[in-house]
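Below is one structure, written out as structure tokens; the observations come after it.
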There are 2 protein chains.
Amino acid sequence: MKTDNALLNRNCVNALRFLAVDAVEKAGSGHPGTPMGAATMAYVLWDRFLEHNPANPAWPDRDRFVLSPGHASALLYALLHLTGYDLPLEELKNLRQWGSRTPGHPERGHTPGVEMTTGPLGQGFAHGVGMAVAERWLAEHYNRPGHEIVDHYTYAIVSDGDLQEGVTAEAASLAGTLKLGKLVYLYDDNDIQLASATEPGFSEKAARLFVDYGWQVIGPVDGFDADAVDAAIREARADAERPSLIVCKTVIGYGSPQQATSKAHGEPLGEEGARAAKRALGWPEDPAFYVPDEVLSHTRQAAARGREYEVGWEERLNAYEGAHPEEAARFLAETNGELLAGWDAGLDGLFANNGTDVATRNASGEALNALVGRLHGLTGGSADLDPSTKTTITGYGDFGWGEYCGHNMHFGVREHAMGAIAGGMALHGGVIPYTATFLTFSDYMRPPMRLAALMGLRVVYIFTHDSIGLGEDGPTHQPIEHLMNLRAVPNLTVIRPADATEAAESWRAALLNTTGPTVLVLSRQKLAVLDRSVYPPAEGLHRGGYVLWESATAPEVILLGTGSETHLALEAGKQLAAEGVAVRVVSLPSWELFDKQPADYREGVLPLAVRARVAVEAGITLGWEHYVGLDGAVVGMTGFGASAPAEELYEKFGITPERVVEAARDQVLVRPPGSPDQSLVQGMNKEE
Amino acid sequence: MKTDNALLNRNCVNALRFLAVDAVEKAGSGHPGTPMGAATMAYVLWDRFLEHNPANPAWPDRDRFVLSPGHASALLYALLHLTGYDLPLEELKNLRQWGSRTPGHPERGHTPGVEMTTGPLGQGFAHGVGMAVAERWLAEHYNRPGHEIVDHYTYAIVSDGDLQEGVTAEAASLAGTLKLGKLVYLYDDNDIQLASATEPGFSEKAARLFVDYGWQVIGPVDGFDADAVDAAIREARADAERPSLIVCKTVIGYGSPQQATSKAHGEPLGEEGARAAKRALGWPEDPAFYVPDEVLSHTRQAAARGREYEVGWEERLNAYEGAHPEEAARFLAETNGELLAGWDAGLDGLFANNGTDVATRNASGEALNALVGRLHGLTGGSADLDPSTKTTITGYGDFGWGEYCGHNMHFGVREHAMGAIAGGMALHGGVIPYTATFLTFSDYMRPPMRLAALMGLRVVYIFTHDSIGLGEDGPTHQPIEHLMNLRAVPNLTVIRPADATEAAESWRAALLNTTGPTVLVLSRQKLAVLDRSVYPPAEGLHRGGYVLWESATAPEVILLGTGSETHLALEAGKQLAAEGVAVRVVSLPSWELFDKQPADYREGVLPLAVRARVAVEAGITLGWEHYVGLDGAVVGMTGFGASAPAEELYEKFGITPERVVEAARDQVLVRPPGSPDQSLVQGMNKEE
């Protein structure tokens, strides 16, 4: 029996291996080396441990599996195909082709069973930590004695490259501190990278580092020995206190003439190479994409097991519903990403106009605290900046510092892991994660933000200290290019509210955005609260831009502002009006939301015939031509900021109502639209 | 005597401490806590070890000092003032004010003696590694038996926050692997961060991690015991094989009522708090900014020592010049950042038009290899992508893998540290560093790129695989927003050459740019080499944009392209011309260079009166309105890419000559310029 099993195992592993090899071969490009080396560990994990249901990839309590080296996608596709996901063999034959479900790197939402889009190294590792955080948090919130409705593992395969990335160090350190015992990672330790061999001693160093991080490090085990891998995974799961890293010694491109070299990493083996590998491992050279019947009938048992897992869970859920109906309803709704009725009731009337100025960071903090009572899944934190970003949820505890139901997460100064963990939490579902730091430090967390946009995750990124308005901390802390940088990311909604009332609406917009992440860009400095009995309601924010104020007659000139500078536009507008200029002031908190409006709405706000336009924003001017064109003007920054009190900086860099007025006057009074001799009005460079 | 010395030491330390406290107090904002805790270690280092010359902060062989927690700037300013740099007490009284030499965070080039702009955590740590790399490399290249003209240490003070950042993990791991023994870092281990106490056990964990990284970890020592710190620094310097981390136990805000709390981190102590601290530490409460004569006369001895250091070095240099005149001349020129005569000779005629298509990444690789023979300081590498980025310098060895004079650096998959190390190398001087990865992974290294732009460093960032043109690797690897994101960074010059000849000129432009970093954006796919006997010379690149081709008559429509899409613009232009449309095709490889040209040159290339314009670039369309305004069209991307062969992607996303022709025709034939009903022509979204 043992021999039969061993043979079956070997055949299953080889089927995985050579499906990947053949797929890459047929595609003419791709990465065969990692699938060939990692097939055994993947097979053991999927065959003996992973509790998933190929018929329902979205079953909430499934184990999560992340392939962090996404370039090994063909391995994942082979696993999905063999275990019975809706991924026919034909799809593997279309690897890396337009319209296939088998893109070059795994893409969530594109291929059933792919939990996460991977490829940029380190991200799979760190997002997995976020999944385990969500699992722990939900288990703590919803499980009751005798009722375990949230109870699953998060597995990943990780590579040398993953372990070199800084985001991995950050996430690993946090995972150890947080004692995420249900995190089990298999490290494909093959000593080879794209360009060359790994640094001498790298994997031994990595193993020691993970011990320091507070992980259980198991191995090295022989990554081709199924029983050794099996025993290691059992050992990993048995430790409830520590996440586990299983070091599996493997050989990249195992069996091929290129094995154990960088050549095997990122190009097809070539027909001869593929045949040689098959011969070396005792696999029929023909046909390509060969799957023996006994392999398929074995691996497809995953379907029956999957049904059992899910049915078992449904029985537990039914019992839970009987005992705790309210929690069960909430759990299911939030797992589905639904917002419970009345979820935003707390926002209304939060900022009755009482003449007190409020920084939008403070307004955001108040909104967050008002929302959490009805939005139980709202959980997040900052990279050691809670007091500055105003993101503490008062009275809701701290996650992982002694308790696991706290809503406040403490990431330390680890912006990159913060972004990735938030992404992993959103991928897991059941929670709505938020992160916070200064806008300038968004630079530290661009990769996970991009992935969230690509995957369409509901994550709320809070960035405060959004301009030179932060003052004395100077140019390292003053964002310049960041707003425009974020606007340029597809499917990322950027909102920079003008005042407290728009800030509250921003939160509403962010939570209603279920198909992508939202960035809230908030001021450090206090801002007047716009009196909504005088100005149109802040709900206009949901259209991205709206007319805030205008003269009685059709506008000759349009002033556009965002965030704190909306107030400068307004002041300039009133001054121009007093001078007899017909002016319109537009509050434009979100370009993405505005550009999504129907053409007639946009034309209503920004009539194309009115070319005299002045935009004012304390960020880089580049990009504003999107709204002001070649004839308009932008009052903003063209260089880095400086260290001084905020008011003085606005003065020195020329971001003032006076400059807006000048720029407007210049267009309306002097120049017919379209005439060729105007240059943009811009903020002074520091160098000037 | 011991007592006198102890008293003097104490007074010197307290002078540092309270200059910082009083400066923050007067500024009304700032960070007193770290200066109060770290004053002793800073004093011991500067008084007993740091070989610097306050009269000549640029002396090449000085020890480098980096204050990685830049928010403790007041401590650095106090050090600079007391040791006699050109930083009068008046400047400390103007901390964080407009025009002062004492900005909120230290700024290189702004304050004499500040080696590096710090503030974003982890960057000081990682840039220091780059300084030590440059020192080691130059020592290996230039020192000769009996002639040590490069021989100095790199010191830094680093904080808890620095050690949490992923870039630190990356850089520390590399520094250990590279055995940078002359790196000596003092870790201000005070258990307190901005928001709260550091995670329990954090500093002990950090100490273990650094042992694993291959560092010598010394301590913990009492950070208030000057002799203990002294002994630790001696021990650190004695180990030539390992970088050293000295763990100094300190108390944030030492002596103040707020000591050992986050309250002491980032706000003034308040008048009462400051007085209480002075009383607690035996310091006169008045006057503020008090510096006893004996303190100043002691600390100002740094001037005499500094002269001696520099004179000693000059004597060594003279002897070296006698023995090795050629090397000496080269050393001095390259240390001054000069390019030796004939440095770019290798570029000429590199791409004689022979009908062979060349990817610009390959052209860049050939240019790099042609240049290095005369540009001895050119050294760099990739984040494990040498074969793909074509950045290996053939025959010039590998740095740190057994030898230290190799030009090829191997960063591993550590983009962030790669960027920071390159910045540190440029800060050090004597070398011209370059880095390389795929354009999409520029996201991993934004913080050091921004700092390089802010500091005005000559670093060359090579980013290949610059669009959907990379094909099958799919949306995780296909940059969309990145080009525009980089263009939005002040003082960062972005160049995307159209062909091999422009690629060679890009290298020339990058090396001639001595006041800031340059980004080279290069194609994976092969591109035709433009026949310069037909088209104007590629030198036009140095003006950022130039007319590549046009009809005989004044243009009705202008087509603009960059990089690979320049060829699409050209094809479209020729088709339009054949249809009788008067057309101009502009190659626009660098917006920054173009926008710096005189107005008449820009008007000559892009006459403002010609509003029919079509830009084509396989990146995000947002931002192109800078050149095409509200009336023109942009053929580009509006969403993420997809996995498929490159040609198919261009077709599917509508980035084709046909679309350019349509968009041009649409403007020229149908519509008078300025009429209101045109929307931008854009690439299809994947969702569409």
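Residues are referred to by chain and number: the chain letter is A, B, ... according to the order shown in the structure tokens, the number counts from 1 in that chain, and ligands are numbered separately from 1 in the order shown.
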Using only C-alpha atoms, select each residue of chain A with any atom at most 6 Å away from an atom of chain B, and give the selection as a VMD selection string.
chain A and resid 96 to 98 103 to 104 161 164 to 167 169 to 170 195 209 384 to 386 413 to 414 443 446 to 447 472 to 474 481 485 488 to 490 608 to 609 623 625 to 626 629 to 630 639 643 to 644 676
Using only C-alpha atoms, which residues sit within 12 Å of Leu530 of chain A once same-chain residues fewer than 6 positions away are excluded, as a PDB file with C-alpha atoms, in the first residue's frame?
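part.pdb was written with the following content:
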ATOM      1  CA  PHE A 351     -20.539  69.058  12.204  1.00  0.00           C
ATOM      2  CA  ALA A 352     -23.303  71.469  12.940  1.00  0.00           C
ATOM      3  CA  ASN A 353     -21.866  74.806  12.054  1.00  0.00           C
ATOM      4  CA  ASN A 354     -20.894  76.418  15.304  1.00  0.00           C
ATOM      5  CA  GLY A 355     -18.140  78.674  14.120  1.00  0.00           C
ATOM      6  CA  THR A 356     -15.325  76.444  15.356  1.00  0.00           C
ATOM      7  CA  ASP A 357     -12.604  75.583  12.862  1.00  0.00           C
ATOM      8  CA  VAL A 358     -11.835  71.889  12.521  1.00  0.00           C
ATOM      9  CA  THR A 360     -10.163  67.561   8.417  1.00  0.00           C
ATOM     10  CA  PRO A 497     -12.329  67.142   1.532  1.00  0.00           C
ATOM     11  CA  ALA A 498     -12.542  70.899   1.899  1.00  0.00           C
ATOM     12  CA  ASP A 499     -13.887  70.938   5.422  1.00  0.00           C
ATOM     13  CA  ALA A 500     -15.309  68.823   8.223  1.00  0.00           C
ATOM     14  CA  THR A 501     -18.632  68.319   6.491  1.00  0.00           C
ATOM     15  CA  GLU A 502     -16.966  67.036   3.344  1.00  0.00           C
ATOM     16  CA  ALA A 503     -14.687  64.912   5.523  1.00  0.00           C
ATOM     17  CA  PRO A 536     -24.867  73.639  -1.080  1.00  0.00           C
ATOM     18  CA  PRO A 537     -24.872  70.430   0.946  1.00  0.00           C
ATOM     19  CA  ALA A 538     -21.645  68.486   1.400  1.00  0.00           C
ATOM     20  CA  LEU A 548     -19.828  75.758  -4.148  1.00  0.00           C
ATOM     21  CA  TRP A 549     -20.626  79.385  -4.829  1.00  0.00           C
ATOM     22  CA  GLY A 563      -9.114  70.534   0.499  1.00  0.00           C
ATOM     23  CA  SER A 564      -7.733  73.471   2.414  1.00  0.00           C
ATOM     24  CA  THR A 566     -11.021  75.440  -1.471  1.00  0.00           C
ATOM     25  CA  HIS A 567     -11.207  78.191   1.100  1.00  0.00           C
ATOM     26  CA  LEU A 570     -13.788  80.878  -2.197  1.00  0.00           C
ATOM     27  CA  SER A 587     -15.156  72.397  -4.799  1.00  0.00           C
TER      28      SER A 587
END
Could you please write out, as JSON, numbers by chain, every residue of segment 398-462 of chain A that DSSP assigns to strand (DSSP E or B)?
{"A": [398, 408, 409, 410, 432, 433, 434, 435, 436, 437, 438, 460, 461, 462]}
Written file, previous selection with N, CA, C and O atoms, as a compact mmCIF listing (two decimals), in the first residue's frame:
# COMPACT_ATOMS: atom_id res chain seq x y z
N ASP A 398 -7.23 47.44 21.82
CA ASP A 398 -6.07 47.33 20.95
C ASP A 398 -5.91 45.88 20.49
O ASP A 398 -5.84 44.97 21.32
N ASN A 408 -8.23 48.71 17.35
CA ASN A 408 -7.07 49.54 17.05
C ASN A 408 -5.83 48.68 16.83
O ASN A 408 -5.37 47.99 17.74
N MET A 409 -5.31 48.76 15.62
CA MET A 409 -4.12 47.99 15.31
C MET A 409 -2.89 48.89 15.42
O MET A 409 -2.93 50.05 15.04
N HIS A 410 -1.81 48.32 15.93
CA HIS A 410 -0.57 49.09 16.08
C HIS A 410 0.49 48.48 15.18
O HIS A 410 0.99 47.40 15.45
N ILE A 432 -13.55 45.74 7.51
CA ILE A 432 -13.23 46.86 6.61
C ILE A 432 -12.00 47.55 7.19
O ILE A 432 -12.08 48.27 8.18
N PRO A 433 -10.85 47.30 6.61
CA PRO A 433 -9.61 47.81 7.20
C PRO A 433 -9.32 49.26 6.79
O PRO A 433 -9.69 49.68 5.69
N TYR A 434 -8.68 49.97 7.68
CA TYR A 434 -8.17 51.30 7.33
C TYR A 434 -6.74 51.42 7.85
O TYR A 434 -6.33 50.72 8.78
N THR A 435 -6.00 52.28 7.19
CA THR A 435 -4.61 52.54 7.59
C THR A 435 -4.43 54.04 7.72
O THR A 435 -5.24 54.81 7.23
N ALA A 436 -3.34 54.44 8.37
CA ALA A 436 -3.11 55.89 8.50
C ALA A 436 -1.63 56.21 8.64
O ALA A 436 -0.89 55.52 9.35
N THR A 437 -1.22 57.23 7.93
CA THR A 437 0.09 57.85 8.15
C THR A 437 0.04 59.24 7.50
O THR A 437 -1.04 59.70 7.11
N PHE A 438 1.21 59.91 7.42
CA PHE A 438 1.24 61.21 6.75
C PHE A 438 1.24 60.98 5.24
O PHE A 438 1.78 59.97 4.76
N VAL A 460 -9.54 51.60 3.25
CA VAL A 460 -9.53 53.05 3.39
C VAL A 460 -8.15 53.48 3.87
O VAL A 460 -7.71 53.08 4.95
N TYR A 461 -7.46 54.24 3.04
CA TYR A 461 -6.14 54.76 3.40
C TYR A 461 -6.30 56.20 3.86
O TYR A 461 -6.70 57.05 3.06
N ILE A 462 -5.95 56.45 5.09
CA ILE A 462 -6.05 57.81 5.62
C ILE A 462 -4.67 58.44 5.57
O ILE A 462 -3.71 57.88 6.13
Using only C-alpha atoms, the residue out of A:Arg543, A:Arg234, A:Arg64, A:Arg242 with shortest distance to Gln216 of chain A is A:Arg242
Surrounding residues of segment 35-46 of chain A excluding itself and chain neighbours under 5 positions, 6 Å, only C-alpha atoms, as an mmCIF file with C-alpha atoms, in the first residue's frame:
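Saved result, around34.cif, follows:
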data_model
loop_
_atom_site.group_PDB
_atom_site.id
_atom_site.type_symbol
_atom_site.label_atom_id
_atom_site.label_comp_id
_atom_site.auth_asym_id
_atom_site.auth_seq_id
_atom_site.Cartn_x
_atom_site.Cartn_y
_atom_site.Cartn_z
ATOM 1 C CA VAL A 13 3.444 15.726 -8.115
ATOM 2 C CA ARG A 17 5.087 19.787 -12.406
ATOM 3 C CA ALA A 72 5.038 30.344 -10.477
ATOM 4 C CA LEU A 75 1.744 25.646 -10.479
ATOM 5 C CA PHE A 224 10.843 16.469 -2.333
ATOM 6 C CA THR A 250 14.273 22.136 -3.165
ATOM 7 C CA VAL A 251 15.942 22.397 -6.540
ATOM 8 C CA ILE A 252 14.742 24.976 -9.025
ATOM 9 C CA GLY A 253 13.844 23.373 -12.354
ATOM 10 C CA TYR A 254 14.114 19.947 -10.713
#
Taking 2 positions as the minimum chain separation for residues in the same chain, which residues sit within 6 Å of Leu186 of chain B when counting only C-alpha atoms? Answer as a ChimeraX atom specification.
/B:157,245-246
Grab the atom CA of Gln478 of chain B to atom CA of His465 of chain B distance for me, in Å with one decimal place.
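That distance, rounded to one decimal, is 7.4 Å.
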For atom CA of Glu505 of chain B and atom CA of Leu606 of chain B, determine how far apart the two atoms are, in Å to one decimal place.
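According to the coordinates, atom CA of Glu505 of chain B and atom CA of Leu606 of chain B are separated by 22.1 Å.
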List the neighbours of segment 137-145 of chain A out to 12 Å using only C-alpha atoms; skip same-chain residues closer than 5 positions along the sequence, and give me the result as a PyMOL selection string.
chain A and resi 60-61+130-132+150-153+178+180+182+316-317+319-321+323-332+334-335+376-380+397-400+403-409+425+428-433
